[in-house]
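Novice: Got a file for you: work29.csv, CSV, C-alpha atoms.
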```csv
chain,number,residue,atom,x,y,z
A,105,MET,CA,0.0,0.0,0.0
A,106,ASP,CA,1.1,3.6,-0.6
A,107,VAL,CA,2.4,5.0,2.7
A,108,ALA,CA,0.9,8.5,2.1
A,109,SER,CA,-2.5,7.7,0.6
A,110,GLY,CA,-3.2,4.1,1.6
A,111,ALA,CA,-3.9,3.2,-2.0
A,112,ILE,CA,-3.3,-0.4,-2.9
A,113,ILE,CA,-0.3,-0.7,-5.2
A,114,TRP,CA,-0.4,-4.5,-5.8
A,115,ARG,CA,-2.2,-7.5,-4.3
A,116,THR,CA,-1.0,-11.1,-4.5
A,117,ASP,CA,-3.4,-14.0,-3.6
A,118,LEU,CA,-1.7,-17.2,-2.5
A,119,PRO,CA,-3.2,-20.7,-2.0
A,120,VAL,CA,-2.5,-20.9,1.7
A,121,TYR,CA,-4.4,-21.6,5.0
A,122,LEU,CA,-2.7,-18.7,6.8
A,123,LEU,CA,0.3,-16.4,6.7
A,124,SER,CA,2.4,-16.4,9.8
A,125,GLY,CA,4.8,-13.6,9.1
A,126,ILE,CA,6.8,-11.6,6.5
A,127,ALA,CA,10.3,-10.2,6.2
A,128,ILE,CA,11.5,-7.5,3.7
A,129,THR,CA,15.0,-7.0,2.3
A,130,GLY,CA,16.8,-6.4,-1.0
A,131,GLY,CA,13.6,-5.5,-2.9
A,132,ARG,CA,11.9,-8.7,-1.9
A,133,VAL,CA,9.1,-9.7,0.5
A,134,PHE,CA,9.4,-13.1,2.1
A,135,ALA,CA,6.1,-14.6,3.3
A,136,VAL,CA,5.8,-17.7,5.5
A,137,SER,CA,2.6,-19.7,5.3
A,138,ARG,CA,0.8,-22.9,6.0
A,139,LEU,CA,-0.6,-24.7,3.0
A,140,THR,CA,-4.4,-25.3,2.8
A,141,PRO,CA,-5.2,-28.3,5.1
A,142,ASN,CA,-5.9,-31.6,3.3
A,143,TYR,CA,-7.1,-33.8,6.2
A,144,PRO,CA,-5.8,-36.3,7.3
A,145,ALA,CA,-2.5,-35.3,5.8
A,146,ALA,CA,-0.4,-33.0,8.0
A,147,GLN,CA,0.0,-29.3,7.0
A,148,GLN,CA,3.2,-28.3,5.4
A,149,GLY,CA,5.0,-25.0,5.4
A,150,ARG,CA,5.8,-22.8,2.5
A,151,LEU,CA,8.0,-19.8,2.0
A,152,TYR,CA,7.3,-17.4,-0.8
A,153,ALA,CA,9.6,-14.7,-2.3
A,154,LEU,CA,7.7,-11.8,-3.9
A,155,ASN,CA,8.9,-8.9,-5.9
A,156,ALA,CA,8.4,-5.9,-3.5
A,157,THR,CA,7.5,-3.6,-6.3
A,158,THR,CA,5.1,-5.7,-8.3
A,159,GLY,CA,4.0,-8.6,-5.9
A,160,ALA,CA,5.1,-11.2,-8.5
A,161,VAL,CA,6.0,-14.5,-7.0
A,162,LEU,CA,9.7,-15.1,-7.7
A,163,TRP,CA,10.1,-18.6,-6.0
A,164,SER,CA,8.5,-20.7,-3.3
A,165,ALA,CA,9.9,-23.5,-1.1
A,166,THR,CA,7.9,-26.1,0.7
A,167,THR,CA,8.8,-27.8,4.0
A,168,ALA,CA,7.5,-31.1,5.4
A,169,ALA,CA,6.4,-29.5,8.7
A,170,THR,CA,4.8,-26.1,9.2
A,171,MET,CA,7.1,-23.1,9.8
A,172,ASP,CA,5.7,-21.6,13.0
A,173,GLY,CA,8.3,-18.9,13.5
A,174,ASN,CA,8.3,-15.5,11.9
A,175,PRO,CA,11.0,-15.0,9.2
A,176,ALA,CA,14.1,-12.8,9.4
A,177,ALA,CA,16.1,-11.8,6.3
A,178,ALA,CA,19.7,-10.6,6.1
A,179,ASN,CA,23.1,-11.7,4.8
A,180,GLY,CA,21.5,-13.1,1.6
A,181,LEU,CA,19.5,-15.6,3.7
A,182,VAL,CA,16.0,-16.0,5.1
A,183,TYR,CA,15.8,-17.6,8.5
A,184,VAL,CA,12.6,-19.5,9.6
A,185,GLY,CA,12.0,-21.6,12.7
A,186,THR,CA,9.4,-24.1,13.7
A,187,GLN,CA,8.2,-25.8,16.9
A,188,TYR,CA,9.0,-29.3,15.5
A,189,THR,CA,12.4,-30.9,16.1
A,190,SER,CA,12.0,-33.0,12.9
A,191,GLN,CA,12.7,-29.7,11.0
A,192,GLY,CA,14.1,-27.0,13.3
A,193,MET,CA,15.6,-23.8,12.1
A,194,ILE,CA,16.2,-23.4,8.3
A,195,ALA,CA,18.3,-20.8,6.4
A,196,PHE,CA,17.1,-20.4,2.8
A,197,ASP,CA,19.0,-18.7,0.1
A,198,SER,CA,17.1,-15.5,-0.5
A,199,ALA,CA,17.8,-15.5,-4.3
A,200,THR,CA,16.8,-19.1,-5.0
A,201,GLY,CA,15.0,-20.7,-2.0
A,202,ALA,CA,17.7,-23.4,-1.7
A,203,ILE,CA,18.4,-24.6,1.9
A,204,ARG,CA,21.8,-23.3,2.9
A,205,TRP,CA,21.8,-24.8,6.4
A,206,GLN,CA,19.4,-26.5,8.9
A,207,ARG,CA,19.5,-27.1,12.7
A,208,GLN,CA,16.9,-29.6,14.0
A,209,ASP,CA,17.9,-28.8,17.6
A,210,VAL,CA,16.9,-25.1,17.3
A,211,THR,CA,13.2,-24.6,17.5
A,212,GLN,CA,10.9,-21.6,17.7
A,213,PHE,CA,7.2,-20.9,17.9
A,214,ARG,CA,6.0,-17.5,16.7
A,215,GLN,CA,9.3,-15.8,17.6
A,216,THR,CA,11.3,-13.7,15.1
A,217,PRO,CA,15.1,-14.1,15.3
A,218,ALA,CA,17.3,-11.0,15.5
A,219,VAL,CA,20.1,-11.0,13.0
A,220,THR,CA,23.3,-9.1,12.5
A,221,SER,CA,26.3,-9.6,10.2
A,222,SER,CA,28.0,-11.7,13.0
A,223,ALA,CA,25.2,-13.5,14.8
A,224,LEU,CA,21.6,-14.9,14.5
A,225,LEU,CA,19.9,-14.7,17.9
A,226,VAL,CA,17.2,-17.2,18.6
A,227,THR,CA,15.1,-17.3,21.8
A,228,ASN,CA,13.0,-20.3,23.1
A,229,SER,CA,12.2,-22.3,26.2
A,230,SER,CA,14.4,-25.3,26.8
A,231,GLY,CA,11.5,-27.2,28.2
A,232,GLY,CA,12.7,-27.1,31.8
A,233,ALA,CA,13.1,-24.4,34.3
A,234,THR,CA,15.4,-22.2,32.2
A,235,VAL,CA,15.2,-19.8,29.3
A,236,LEU,CA,17.5,-20.5,26.4
A,237,ILE,CA,18.9,-18.0,24.0
A,238,ARG,CA,21.3,-19.0,21.3
A,239,ALA,CA,23.7,-17.1,19.1
A,240,LEU,CA,24.4,-18.9,15.8
A,241,ASN,CA,26.8,-18.1,13.0
A,242,PRO,CA,24.4,-16.6,10.4
A,243,LEU,CA,26.1,-18.1,7.4
A,244,THR,CA,26.7,-21.6,8.7
A,245,GLY,CA,24.3,-22.2,11.7
A,246,ALA,CA,27.2,-23.2,14.0
A,247,GLN,CA,26.5,-22.2,17.6
A,248,LEU,CA,28.6,-19.3,18.9
A,249,TRP,CA,27.2,-19.3,22.5
A,250,SER,CA,24.1,-20.1,24.5
A,251,VAL,CA,22.7,-18.7,27.8
A,252,ASN,CA,20.2,-20.1,30.3
A,253,THR,CA,18.4,-17.8,32.6
A,254,ALA,CA,16.3,-18.5,35.7
A,255,ALA,CA,12.8,-18.4,34.3
A,256,PRO,CA,10.8,-21.2,32.6
A,257,ALA,CA,9.7,-19.4,29.4
A,258,ALA,CA,11.3,-17.0,27.1
A,259,GLY,CA,9.1,-16.3,24.0
A,260,GLY,CA,9.1,-12.9,22.5
A,261,ASP,CA,11.6,-11.5,20.1
A,262,PRO,CA,15.2,-10.5,20.9
A,263,ILE,CA,16.6,-7.2,19.8
A,264,VAL,CA,20.2,-5.9,19.4
A,265,ALA,CA,21.6,-2.4,20.1
A,266,ASN,CA,25.2,-1.2,20.9
A,267,GLY,CA,26.6,-4.7,21.1
A,268,VAL,CA,23.9,-5.9,23.6
A,269,VAL,CA,21.1,-8.4,23.1
A,270,TYR,CA,17.9,-7.8,25.0
A,271,PHE,CA,15.2,-10.5,25.4
A,272,GLY,CA,12.3,-11.1,27.8
A,273,SER,CA,11.5,-13.8,30.4
A,274,ARG,CA,7.8,-13.8,31.2
A,275,ILE,CA,7.0,-16.4,33.9
A,276,GLY,CA,8.1,-16.0,37.5
A,277,ASN,CA,10.5,-13.0,37.6
A,278,ARG,CA,9.4,-11.0,34.6
A,279,VAL,CA,12.4,-9.2,33.3
A,280,ILE,CA,14.3,-8.0,30.2
A,281,ASN,CA,17.7,-9.7,30.1
A,282,ALA,CA,20.7,-7.9,28.6
A,283,VAL,CA,23.6,-10.0,27.5
A,284,ARG,CA,26.7,-9.3,25.4
A,285,LEU,CA,26.4,-9.9,21.7
A,286,ASP,CA,29.9,-11.3,21.3
A,287,THR,CA,30.0,-13.7,24.3
A,288,GLY,CA,26.5,-14.0,25.8
A,289,ALA,CA,27.8,-12.8,29.2
A,290,THR,CA,25.0,-11.3,31.3
A,291,LEU,CA,25.2,-7.5,31.7
A,292,THR,CA,22.1,-6.8,33.6
A,293,THR,CA,18.4,-7.6,34.1
A,294,LEU,CA,15.7,-4.9,33.8
A,295,GLN,CA,12.9,-5.7,36.3
A,296,LEU,CA,9.4,-5.3,34.9
A,297,ALA,CA,6.2,-4.6,36.9
A,298,THR,CA,5.0,-7.4,39.2
A,299,GLY,CA,1.6,-9.1,38.7
A,300,SER,CA,0.2,-11.2,36.0
A,301,GLY,CA,1.6,-11.0,32.5
A,302,ASN,CA,1.0,-14.0,30.3
A,303,HIS,CA,2.1,-12.8,26.9
A,304,ASP,CA,5.6,-12.9,25.4
A,305,ILE,CA,7.9,-10.0,26.2
A,306,SER,CA,9.4,-8.5,23.1
A,307,PRO,CA,11.6,-5.4,24.0
A,308,GLU,CA,11.8,-2.5,21.6
A,309,ILE,CA,14.6,0.2,21.5
A,310,VAL,CA,13.7,3.7,20.5
A,311,ASN,CA,15.9,6.8,20.7
A,312,GLY,CA,18.3,5.3,23.3
A,313,THR,CA,15.5,3.8,25.4
A,314,VAL,CA,14.6,0.2,26.1
A,315,LEU,CA,10.8,-0.3,26.2
A,316,GLY,CA,9.2,-3.3,27.8
A,317,ALA,CA,5.5,-4.2,28.1
A,318,LEU,CA,3.5,-6.6,30.2
A,319,THR,CA,0.1,-7.5,28.8
A,320,ASN,CA,-2.7,-9.7,30.1
A,321,GLU,CA,-5.9,-11.4,29.0
A,322,PRO,CA,-8.8,-9.0,29.1
A,323,GLY,CA,-10.0,-8.3,32.6
A,324,SER,CA,-7.1,-10.2,34.3
A,325,GLY,CA,-4.9,-7.3,35.1
A,326,THR,CA,-3.6,-3.8,34.1
A,327,PRO,CA,-1.1,-3.7,31.2
A,328,THR,CA,2.1,-1.9,31.9
A,329,LEU,CA,4.8,-0.2,29.8
A,330,GLN,CA,8.2,0.6,31.2
A,331,ALA,CA,11.1,2.5,29.8
A,332,PHE,CA,14.8,2.1,30.6
A,333,ARG,CA,17.8,4.1,29.4
A,334,LEU,CA,20.4,2.3,27.3
A,335,PRO,CA,23.8,1.9,29.0
```
Mind turning this structure into structure tokens?
Specialist:
Amino acid sequence: MDVASGAIIWRTDLPVYLLSGIAITGGRVFAVSRLTPNYPAAQQGRLYALNATTGAVLWSATTAATMDGNPAAANGLVYVGTQYTSQGMIAFDSATGAIRWQRQDVTQFRQTPAVTSSALLVTNSSGGATVLIRALNPLTGAQLWSVNTAAPAAGGDPIVANGVVYFGSRIGNRVINAVRLDTGATLTTLQLATGSGNHDISPEIVNGTVLGALTNEPGSGTPTLQAFRLP
């Protein structure tokens, strides 16, 4: 759509059950979807690359399991996760859709990775009483470091600023964690408001300020927004 007027510039209809997220880079839109269900067969995932100017489909890639994570695109790759260990995290070539690397042990559900030229940051719960964040080599998928924190669910999306990775922990002690981008060493934790907060925490950084929100189911508590100054 045109930013100034809202006029529709192009529209592309795709044979999918739902779209779970998009990423935009290099004049292309990358859309992750589930295929239309064909019960009793399991749903598959599909990644489309569209021309950002015309909406024309440039290529598509299909995966055996659904892709439940939101995509991130950089370094000539498109990164997409899933909740299923049979598939895990996949890095697709943004020009062709070919798989460049895959890690079945790295899973995500709805999260969007943060990506820089040196690291791909992936958050998820390890399934126990710790939160796991991993830094992977964005070109090869090799693990650079991983960090567990004392909370049973991460969720949400990580974000990077000034060589620091910020990510939330939402159960128990609800905080925003800050760790070094190069090593994963903990720098600080930013305490959010107490009380119920059952949605994922995805920090944002605006004009040198870290923003963190706690939201609740309707009627179950008062949402809060807190701001912290960047170090």
Novice: List the spatial neighbours of Val210 in chain A as a list in words - criterion: any atom at most 10 Å away, only C-alpha atoms, same-chain residues fewer than 4 positions off excluded.
Specialist: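 Answer for this query is Gly185, Thr186, Gln187, Tyr188, Thr189, Gln191, Gly192, Met193, Ile194, Gln206, Val226, Thr227, Asn228, Ser230, Ile237, Arg238, Leu240 and Gly245 of chain A.
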Novice: With 10 Å as the threshold, what does the neighbourhood of (-3.5, -22.3, 5.4) contain in terms of residues, counting only C-alpha atoms? Coordinates are those of the file; answer as a count of residues only.
Specialist: 18
Novice: Considering all atoms listed in the file, state which residue in the set A:Ala156, A:Val182, A:Leu248, A:Ala223 is at the smallest distance from Met105 in chain A.
Specialist: A:Ala156
Novice: Would you compute the distance between CA of Leu236 in chain A and CA of Asn179 in chain A? Give it in Å to one decimal.
Specialist: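 Interatomic distance, CA of Leu236 in chain A to CA of Asn179 in chain A: 24.0 Å.
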Novice: For the atom pair CA of Ala331 in chain A and CA of Gly267 in chain A, what is the interatomic distance in Å to one decimal place?
Specialist: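 About the pair CA of Ala331 in chain A and CA of Gly267 in chain A: they are 19.2 Å apart.
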Novice: Considering all atoms listed in the file, state which residue in the set A:Ala127, A:Leu294, A:Met171, A:Val136 is at the smallest distance from Val219 in chain A.
Specialist: A:Ala127
Novice: May I ask which of the residues A:Ala145, A:Ala246, A:Leu181, A:Ile112 is the closest one to Arg132 in chain A, counting all atoms listed in the file?
Specialist: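 Looking at the shortest contact to Arg132 in chain A, the residue is A:Leu181.
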Novice: Have a look at A:Gln330, A:Ser198, A:Thr116, A:Gln208 and name the one nearest to Thr158 in chain A; count all atoms listed in the file.
Specialist: A:Thr116
Novice: How far is it from CA of Thr287 in chain A to CA of Val269 in chain A, in Å with one decimal?
Specialist: 10.4 Å
Novice: Hey, what's within 8 Å of Ala218 in chain A if we count all atoms listed in the file and toss same-chain stuff fewer than 3 positions away? As a PDB file with C-alpha atoms, in the coordinates of the input, please?
Specialist:
```pdb
ATOM      1  CA  ALA A 176      14.100 -12.800   9.400  1.00  0.00           C
ATOM      2  CA  LEU A 224      21.600 -14.900  14.500  1.00  0.00           C
ATOM      3  CA  LEU A 225      19.900 -14.700  17.900  1.00  0.00           C
ATOM      4  CA  VAL A 226      17.200 -17.200  18.600  1.00  0.00           C
ATOM      5  CA  ASP A 261      11.600 -11.500  20.100  1.00  0.00           C
ATOM      6  CA  PRO A 262      15.200 -10.500  20.900  1.00  0.00           C
ATOM      7  CA  ILE A 263      16.600  -7.200  19.800  1.00  0.00           C
ATOM      8  CA  VAL A 264      20.200  -5.900  19.400  1.00  0.00           C
TER       9      VAL A 264
END
```
